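Just coords04.cif here, mmCIF, C-alpha atoms:
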data_my_file
#
loop_
_atom_site.label_atom_id
_atom_site.label_comp_id
_atom_site.auth_asym_id
_atom_site.auth_seq_id
_atom_site.Cartn_x
_atom_site.Cartn_y
_atom_site.Cartn_z
CA MET Z 807 -53.73 -16.35 107.24
CA MET Z 808 -51.46 -19.26 106.20
CA SER Z 809 -49.89 -21.18 109.04
CA SER Z 810 -46.13 -21.78 109.10
CA LYS Z 811 -46.79 -25.51 108.50
CA GLU Z 812 -48.82 -24.77 105.36
CA ALA Z 813 -46.13 -22.39 104.08
CA LEU Z 814 -43.46 -25.04 104.59
CA SER Z 815 -45.63 -27.57 102.78
CA LEU Z 816 -45.96 -25.25 99.78
CA LYS Z 817 -42.21 -24.58 99.78
CA MET Z 818 -41.48 -28.31 99.72
CA GLY Z 819 -43.90 -28.92 96.90
CA GLY Z 820 -46.70 -30.31 98.97
CA GLY Z 821 -49.14 -27.61 98.00
CA GLY Z 822 -49.90 -28.93 94.52
CA SER Z 823 -48.35 -30.53 91.48
CA THR Z 824 -45.10 -29.06 90.13
CA SER Z 825 -44.29 -28.38 86.46
CA PRO Z 826 -42.71 -31.37 84.68
CA ALA Z 827 -38.94 -31.22 84.16
CA PRO Z 828 -37.93 -29.96 80.71
CA PRO Z 829 -36.90 -32.71 78.28
CA PRO Z 830 -33.15 -33.27 77.88
CA PRO Z 831 -31.56 -31.51 74.92
CA PRO Z 832 -31.28 -33.63 71.76
CA PRO Z 833 -27.89 -35.26 71.17
CA PRO Z 834 -25.55 -33.24 68.95
CA LYS Z 835 -25.86 -33.93 65.25
CA LYS Z 836 -23.20 -36.20 63.78
CA GLU Z 837 -23.41 -34.55 60.39
CA PHE Z 838 -23.11 -31.11 58.85
CA ASP Z 839 -26.02 -29.89 56.76
CA GLN Z 840 -23.85 -29.84 53.64
CA GLN Z 841 -20.50 -31.19 52.47
CA TRP Z 842 -17.66 -29.15 53.93
CA ARG Z 843 -15.39 -30.32 51.08
CA LYS Z 844 -17.23 -30.22 47.78
CA THR Z 845 -17.07 -33.56 45.98
CA CYS Z 846 -18.82 -34.92 42.90
CA TRP Z 847 -19.65 -38.62 43.25
CA SER Z 848 -20.90 -39.44 39.76
CA LYS Z 849 -19.46 -42.18 37.58
CA LYS Z 850 -18.95 -39.54 34.91
CA GLN Z 851 -16.64 -37.67 37.31
CA ARG Z 852 -14.80 -40.88 38.18
CA ASP Z 853 -14.21 -41.71 34.50
CA ALA Z 854 -13.14 -38.12 33.74
CA MET Z 855 -10.46 -38.25 36.47
CA VAL Z 856 -9.14 -41.58 35.20
CA ASP Z 857 -9.03 -40.21 31.66
CA ALA Z 858 -7.18 -37.07 32.79
CA LEU Z 859 -4.57 -39.18 34.58
CA ARG Z 860 -4.11 -41.42 31.55
CA LYS Z 861 -3.37 -38.26 29.50
CA PHE Z 862 -1.25 -36.62 32.22
CA GLU Z 863 1.67 -34.56 30.90
CA LEU Z 864 4.84 -34.11 32.93
CA SER Z 865 6.29 -30.64 33.51
CA ASP Z 866 9.67 -32.17 32.68
CA PRO Z 867 9.32 -35.16 30.30
CA ASP Z 868 12.96 -36.16 30.88
CA VAL Z 869 12.06 -37.23 34.43
CA GLY Z 870 10.12 -40.20 33.06
CA GLN Z 871 7.76 -40.58 36.01
CA LEU Z 872 6.68 -38.71 39.12
CA ARG Z 873 8.16 -40.53 42.11
CA CYS Z 874 6.22 -40.34 45.37
CA LEU Z 875 7.40 -41.85 48.64
CA LEU Z 876 4.88 -43.43 51.01
CA HIS Z 877 5.70 -43.74 54.70
CA GLY Z 878 3.87 -44.19 57.98
CA PRO Z 879 3.22 -46.63 60.83
CA VAL Z 880 3.00 -50.38 60.27
CA GLY Z 881 -0.52 -51.34 59.20
CA ALA Z 882 -1.56 -47.80 58.23
CA GLY Z 883 -2.39 -48.86 54.68
CA LYS Z 884 0.63 -47.90 52.55
CA SER Z 885 0.63 -51.08 50.45
CA SER Z 886 -3.19 -51.15 50.41
CA PHE Z 887 -3.21 -47.63 48.95
CA ILE Z 888 -0.82 -48.73 46.20
CA ASN Z 889 -3.07 -51.69 45.41
CA SER Z 890 -6.18 -49.51 45.53
CA VAL Z 891 -4.76 -47.04 42.99
CA ASN Z 892 -3.75 -49.97 40.79
CA ASN Z 893 -7.27 -51.39 41.09
CA VAL Z 894 -8.74 -48.18 39.70
CA PHE Z 895 -6.46 -48.14 36.66
CA GLN Z 896 -6.78 -51.87 35.99
CA GLY Z 897 -10.53 -51.92 36.55
CA ARG Z 898 -10.24 -54.98 38.77
CA SER Z 899 -8.86 -56.22 42.08
CA THR Z 900 -5.04 -56.40 42.15
CA HIS Z 901 -2.38 -57.31 44.71
CA ASN Z 902 0.78 -55.65 43.48
CA ALA Z 903 2.06 -54.84 46.98
CA LEU Z 904 1.96 -57.24 49.95
CA VAL Z 905 -0.30 -55.96 52.71
CA ALA Z 906 0.40 -56.25 56.44
CA ALA Z 907 -2.25 -56.87 59.07
CA ALA Z 908 -3.21 -53.76 61.02
CA SER Z 909 -1.28 -54.83 64.11
CA GLY Z 910 1.27 -57.06 62.41
CA THR Z 911 4.82 -56.71 61.16
CA SER Z 912 5.61 -54.81 58.00
CA PHE Z 913 5.77 -56.96 54.87
CA THR Z 914 7.81 -54.28 53.12
CA MET Z 915 11.42 -55.24 53.76
CA LYS Z 916 12.99 -53.86 50.58
CA TYR Z 917 12.89 -50.53 48.77
CA LYS Z 918 10.68 -51.13 45.77
CA THR Z 919 9.21 -48.95 43.04
CA HIS Z 920 5.59 -49.62 42.09
CA TYR Z 921 4.58 -48.48 38.63
CA PHE Z 922 1.05 -48.15 37.29
CA GLN Z 923 0.08 -49.79 34.06
CA GLY Z 924 -2.90 -48.78 31.98
CA ARG Z 925 -5.31 -51.38 30.78
CA LYS Z 926 -4.10 -54.04 28.37
CA GLY Z 927 -2.36 -52.49 25.39
CA GLU Z 928 -1.73 -49.14 27.11
CA ASN Z 929 1.67 -47.70 27.98
CA ARG Z 930 2.88 -47.47 31.57
CA LEU Z 931 1.55 -44.35 33.26
CA PRO Z 932 4.08 -41.65 34.31
CA PHE Z 933 3.60 -42.26 38.02
CA ALA Z 934 5.52 -44.30 40.60
CA PHE Z 935 5.12 -45.01 44.30
CA ASN Z 936 7.97 -46.10 46.53
CA ASP Z 937 6.92 -48.14 49.55
CA VAL Z 938 9.17 -48.43 52.60
CA MET Z 939 9.19 -50.50 55.76
CA GLY Z 940 6.73 -49.22 58.36
CA LEU Z 941 7.69 -46.84 61.17
CA GLU Z 942 7.60 -48.32 64.67
CA THR Z 943 8.62 -47.31 68.18
CA GLN Z 944 12.19 -46.70 69.32
CA LYS Z 945 14.65 -48.80 67.29
CA ASN Z 946 12.08 -50.93 65.48
CA GLY Z 947 10.84 -50.42 61.93
CA VAL Z 948 12.50 -48.44 59.16
CA HIS Z 949 15.25 -46.06 60.25
CA PRO Z 950 14.22 -42.43 59.57
CA ASP Z 951 17.60 -41.77 57.93
CA ASP Z 952 16.78 -44.35 55.26
CA ILE Z 953 13.57 -42.50 54.42
CA ILE Z 954 15.62 -39.31 54.16
CA ASN Z 955 18.07 -41.19 51.93
CA ALA Z 956 15.12 -42.15 49.74
CA LEU Z 957 13.93 -38.53 49.58
CA LYS Z 958 17.33 -37.54 48.26
CA GLY Z 959 17.50 -40.43 45.78
CA HIS Z 960 20.35 -42.34 47.42
CA LEU Z 961 18.55 -45.69 47.90
CA PRO Z 962 18.93 -48.26 45.12
CA GLU Z 963 16.06 -50.44 43.96
CA GLY Z 964 15.88 -53.59 46.08
CA TYR Z 965 17.80 -52.11 49.02
CA GLU Z 966 17.04 -54.16 52.14
CA PHE Z 967 16.11 -52.10 55.18
CA ASN Z 968 17.99 -52.51 58.45
CA PRO Z 969 16.22 -50.84 61.41
CA LEU Z 970 19.52 -50.35 63.26
CA HIS Z 971 21.82 -49.31 60.43
CA PRO Z 972 20.69 -46.93 57.67
CA LEU Z 973 22.53 -46.98 54.36
CA SER Z 974 25.88 -45.21 54.66
CA ASP Z 975 27.40 -43.09 51.91
CA GLN Z 976 30.45 -45.35 52.26
CA LYS Z 977 28.52 -48.36 50.95
CA GLU Z 978 28.95 -49.36 47.32
CA GLU Z 979 25.18 -49.52 46.71
CA TYR Z 980 24.66 -45.92 47.87
CA ILE Z 981 23.72 -43.74 44.86
CA GLN Z 982 26.24 -40.93 45.13
CA ASN Z 983 24.92 -38.67 42.36
CA PRO Z 984 21.20 -39.29 42.01
CA SER Z 985 19.29 -37.88 39.06
CA LEU Z 986 16.02 -36.01 39.45
CA SER Z 987 14.30 -39.25 38.43
CA ASP Z 988 15.86 -41.02 41.45
CA LYS Z 989 14.68 -38.38 43.92
CA THR Z 990 11.28 -38.10 45.61
CA HIS Z 991 8.88 -35.53 44.14
CA CYS Z 992 6.17 -35.78 46.83
CA LEU Z 993 6.19 -37.21 50.36
CA VAL Z 994 2.99 -39.03 51.27
CA SER Z 995 2.37 -39.78 54.96
CA ILE Z 996 -0.16 -42.57 55.56
CA VAL Z 997 -2.11 -42.62 58.84
CA THR Z 998 -5.34 -44.25 60.00
CA ALA Z 999 -8.39 -42.21 60.95
CA ASP Z 1000 -9.39 -44.51 63.80
CA THR Z 1001 -5.99 -44.44 65.57
CA ILE Z 1002 -4.60 -40.96 64.82
CA SER Z 1003 -5.58 -39.62 68.26
CA ARG Z 1004 -3.61 -42.36 70.00
CA MET Z 1005 -0.71 -42.83 67.60
CA ASN Z 1006 2.55 -43.63 69.37
CA LYS Z 1007 4.55 -40.49 70.24
CA ASP Z 1008 7.81 -42.07 69.05
CA VAL Z 1009 6.28 -42.59 65.62
CA ILE Z 1010 4.94 -39.01 65.52
CA VAL Z 1011 8.39 -37.66 66.39
CA LYS Z 1012 9.94 -39.71 63.56
CA MET Z 1013 7.30 -38.54 61.09
CA LYS Z 1014 7.82 -34.89 62.06
CA HIS Z 1015 11.59 -35.29 61.65
CA ILE Z 1016 11.14 -36.77 58.16
CA ARG Z 1017 8.68 -33.99 57.24
CA ALA Z 1018 11.18 -31.37 58.41
CA GLU Z 1019 13.89 -32.85 56.18
CA ALA Z 1020 11.47 -32.94 53.23
CA SER Z 1021 10.63 -29.29 53.89
CA LYS Z 1022 14.32 -28.37 53.73
CA LEU Z 1023 14.37 -29.98 50.28
CA GLN Z 1024 11.13 -28.12 49.41
CA ILE Z 1025 9.46 -31.45 48.60
CA PRO Z 1026 5.64 -31.13 48.71
CA GLN Z 1027 3.83 -33.23 51.31
CA VAL Z 1028 0.37 -34.65 51.83
CA VAL Z 1029 -1.30 -37.01 54.29
CA VAL Z 1030 -3.53 -39.85 53.14
CA MET Z 1031 -5.88 -40.78 55.98
CA THR Z 1032 -7.09 -44.36 55.63
CA MET Z 1033 -9.83 -46.38 57.35
CA PRO Z 1034 -12.40 -43.56 57.75
CA ASP Z 1035 -15.09 -46.25 57.90
CA LYS Z 1036 -13.61 -47.49 61.18
CA ALA Z 1037 -13.67 -43.99 62.66
CA CYS Z 1038 -17.25 -43.12 61.70
CA GLU Z 1039 -20.35 -45.31 61.48
CA LEU Z 1040 -21.91 -42.91 58.95
CA VAL Z 1041 -19.02 -43.48 56.57
CA ASN Z 1042 -19.09 -47.21 57.23
CA LYS Z 1043 -22.67 -47.25 55.95
CA ASP Z 1044 -22.14 -44.80 53.07
CA VAL Z 1045 -18.76 -43.50 51.87
CA LYS Z 1046 -20.44 -40.46 50.32
CA ARG Z 1047 -21.20 -39.14 53.84
CA ILE Z 1048 -17.47 -38.64 54.51
CA TYR Z 1049 -17.54 -34.86 54.03
CA PHE Z 1050 -20.77 -34.51 55.98
CA SER Z 1051 -19.22 -36.34 58.96
CA LYS Z 1052 -18.20 -34.25 61.97
CA ALA Z 1053 -16.16 -37.18 63.31
CA ILE Z 1054 -14.02 -37.35 60.17
CA LYS Z 1055 -13.39 -33.61 60.17
CA ASP Z 1056 -12.37 -33.86 63.85
CA LYS Z 1057 -9.94 -36.69 63.01
CA MET Z 1058 -8.46 -34.64 60.20
CA GLN Z 1059 -8.02 -31.68 62.55
CA ILE Z 1060 -6.21 -33.91 65.07
CA CYS Z 1061 -3.97 -35.13 62.26
CA SER Z 1062 -3.25 -31.55 61.22
CA ASN Z 1063 -2.35 -30.62 64.79
CA GLU Z 1064 -0.17 -33.69 65.39
CA LEU Z 1065 1.79 -33.63 62.13
CA GLY Z 1066 1.64 -29.95 61.23
CA VAL Z 1067 -0.03 -30.52 57.85
CA PRO Z 1068 -2.73 -28.08 56.63
CA MET Z 1069 -6.25 -29.49 56.36
CA ASN Z 1070 -6.38 -29.11 52.58
CA CYS Z 1071 -3.40 -31.49 52.32
CA ILE Z 1072 -5.11 -34.24 54.33
CA LEU Z 1073 -6.90 -36.65 52.01
CA PRO Z 1074 -9.23 -39.30 53.44
CA VAL Z 1075 -9.35 -42.54 51.46
CA LYS Z 1076 -11.06 -45.88 51.94
CA ASN Z 1077 -8.68 -48.51 50.58
CA TYR Z 1078 -9.83 -51.71 48.98
CA HIS Z 1079 -9.56 -54.50 51.51
CA GLU Z 1080 -12.51 -56.88 51.72
CA GLU Z 1081 -14.32 -55.77 48.58
CA GLY Z 1082 -14.35 -58.18 45.66
CA MET Z 1083 -15.64 -55.65 43.13
CA LEU Z 1084 -14.76 -52.02 42.50
CA ASP Z 1085 -16.91 -49.32 44.06
CA ASN Z 1086 -17.49 -45.95 42.39
CA ASP Z 1087 -17.53 -43.96 45.66
CA MET Z 1088 -14.29 -45.51 46.91
CA ASP Z 1089 -12.71 -44.85 43.51
CA ILE Z 1090 -13.66 -41.15 43.74
CA LEU Z 1091 -11.79 -40.73 47.05
CA ILE Z 1092 -8.78 -42.68 45.76
CA LEU Z 1093 -8.66 -40.66 42.53
CA ASN Z 1094 -9.07 -37.32 44.33
CA ALA Z 1095 -6.09 -38.16 46.56
CA PHE Z 1096 -3.95 -39.57 43.75
CA THR Z 1097 -4.63 -36.59 41.47
CA GLN Z 1098 -3.67 -34.08 44.17
CA ILE Z 1099 -0.48 -36.01 44.97
CA MET Z 1100 0.58 -36.09 41.32
CA ASN Z 1101 -0.31 -32.44 40.73
CA PHE Z 1102 1.88 -31.45 43.69
CA ALA Z 1103 4.73 -33.66 42.43
CA ASN Z 1104 4.40 -32.24 38.90
CA ASP Z 1105 4.45 -28.67 40.22
CA TYR Z 1106 7.62 -29.52 42.14
CA ILE Z 1107 9.57 -30.78 39.11
CA GLY Z 1108 8.21 -27.86 37.09
CA ASP Z 1109 9.60 -25.39 39.63
CA LEU Z 1110 12.97 -27.15 39.58
CA GLN Z 1111 13.06 -26.94 35.79
CA GLN Z 1112 12.28 -23.22 35.84
CA HIS Z 1113 15.07 -22.50 38.32
CA ALA Z 1114 17.65 -24.83 36.79
#

File written out as structure tokens:
Amino acid sequence: MMSSKEALSLKMGGGGSTSPAPPPPPPPKKEFDQQWRKTCWSKKQRDAMVDALRKFELSDPDVGQLRCLLHGPVGAGKSSFINSVNNVFQGRSTHNALVAAASGTSFTMKYKTHYFQGRKGENRLPFAFNDVMGLETQKNGVHPDDIINALKGHLPEGYEFNPLHPLSDQKEEYIQNPSLSDKTHCLVSIVTADTISRMNKDVIVKMKHIRAEASKLQIPQVVVMTMPDKACELVNKDVKRIYFSKAIKDKMQICSNELGVPMNCILPVKNYHEEGMLDNDMDILILNAFTQIMNFANDYIGDLQQHA
């Protein structure tokens, strides 16, 4: 019969070796098994998208060009996106729009239209981006009312932004009766993937207010999410992993929740910044975003024409 001391020894593990502890579970995978947004990365696809945009036909030719307004926090990549699109069409590095440092002050002080030229000998393409001063906290940065003025076509070319005083309809430069060509046909919000989860609440409130005004005007809206390479090491190593990345999908979901934009209207893009030569994979993301923006804008003017 076992003594009480022997029983205690067995209970405490002294009666023999115990089974080894199970190994810890493997860390969660950082990637999905397949792309959750189907994308073709071939050069043939890249060239086909460029060719389609060069042959793009407007729903209403009298408009002249599709006008899209870019807005977002300082340093989010508005001007870099303009330059990146221009790079694709020019086939080389360009610097059409001045670019601010990520934490610096906005270089965009005036309301300016950026057009896109085809290669040498080609006509200007029927697309235009308007860049505005960056949004900042409280009374800094562009005044939201000036972005709303731009949506409605009231801002003249070269208008100088004043963070404290938006353009009044009493001012001589205010465009009282804007044409459809003067108005915005798509609102493009620019945010960064690596900072979306900690974006300043004041800026988010301003962006939501601007989106609400655009919605009243039935202007289509998309979000271009820049700097995915800073939010995900997989993407930093290989841009083609962007739609395999769980981190990027999480960032897009945060963006959707914060700004109220559906996931299929959030378009991740890696802008040209340090690169000296063009990159096919970066071009694919840029062209996918640009094509969706212009299709939305073209649908908008087509609807207006049908209901005129």

Subject >> Hits of the PyMOL selection byres ((chain Z and resi 1035) around 9) in this structure, as a list in words >> reply: Ala999, Asp1000, Thr1032, Met1033, Pro1034, Lys1036, Ala1037, Cys1038, Glu1039, Leu1040, Val1041, Asn1042, Lys1043, Asp1044, Val1045, Ile1048 and Lys1076 of chain Z

Subject >> Output of the PyMOL selection byres ((chain Z and resi 864) around 10), listed as a list in words >> reply: Lys861, Phe862, Glu863, Ser865, Asp866, Pro867, Asp868, Val869, Gly870, Gln871, Leu872, Pro932, Phe933, Met1100, Asn1101, Ala1103, Asn1104, Asp1105, Ile1107 and Gly1108 of chain Z

Subject >> Residues matched by the PyMOL selection byres ((chain Z and resi 1025) around 8), written as a PyMOL selection string >> reply: chain Z and resi 990-993+1020-1024+1026-1027+1106

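As for atom CA of Met1088 of chain Z and atom CA of Arg860 of chain Z, they are spaced 18.9 Å apart.
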
**OP:** Quote the spacing between atom CA of Asn1094 of chain Z and atom CA of Val1011 of chain Z in Å to one decimal place.
**Re:** 28.1 Å

Original post:
Nearest to Asn955 of chain Z among Z:Gln982, Z:Gln1098, Z:Ser885, Z:Gln896, with distances taken over only C-alpha atoms: which residue is it?
Top reply: Z:Gln982

Subject >> Surrounding residues of Glu963 of chain Z excluding itself and chain neighbours under 4 positions, 9 Å, all atoms listed in the file, as an NGL selection string >> reply: :Z and (916-919)

Generate the output file for the selected residues, C-alpha atoms, as a PDB file, keeping the file's coordinate frame.
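That gives us result.pdb:
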ATOM      1  CA  LYS Z 916      12.990 -53.860  50.580  1.00  0.00           C
ATOM      2  CA  TYR Z 917      12.890 -50.530  48.770  1.00  0.00           C
ATOM      3  CA  LYS Z 918      10.680 -51.130  45.770  1.00  0.00           C
ATOM      4  CA  THR Z 919       9.210 -48.950  43.040  1.00  0.00           C
TER       5      THR Z 919
END
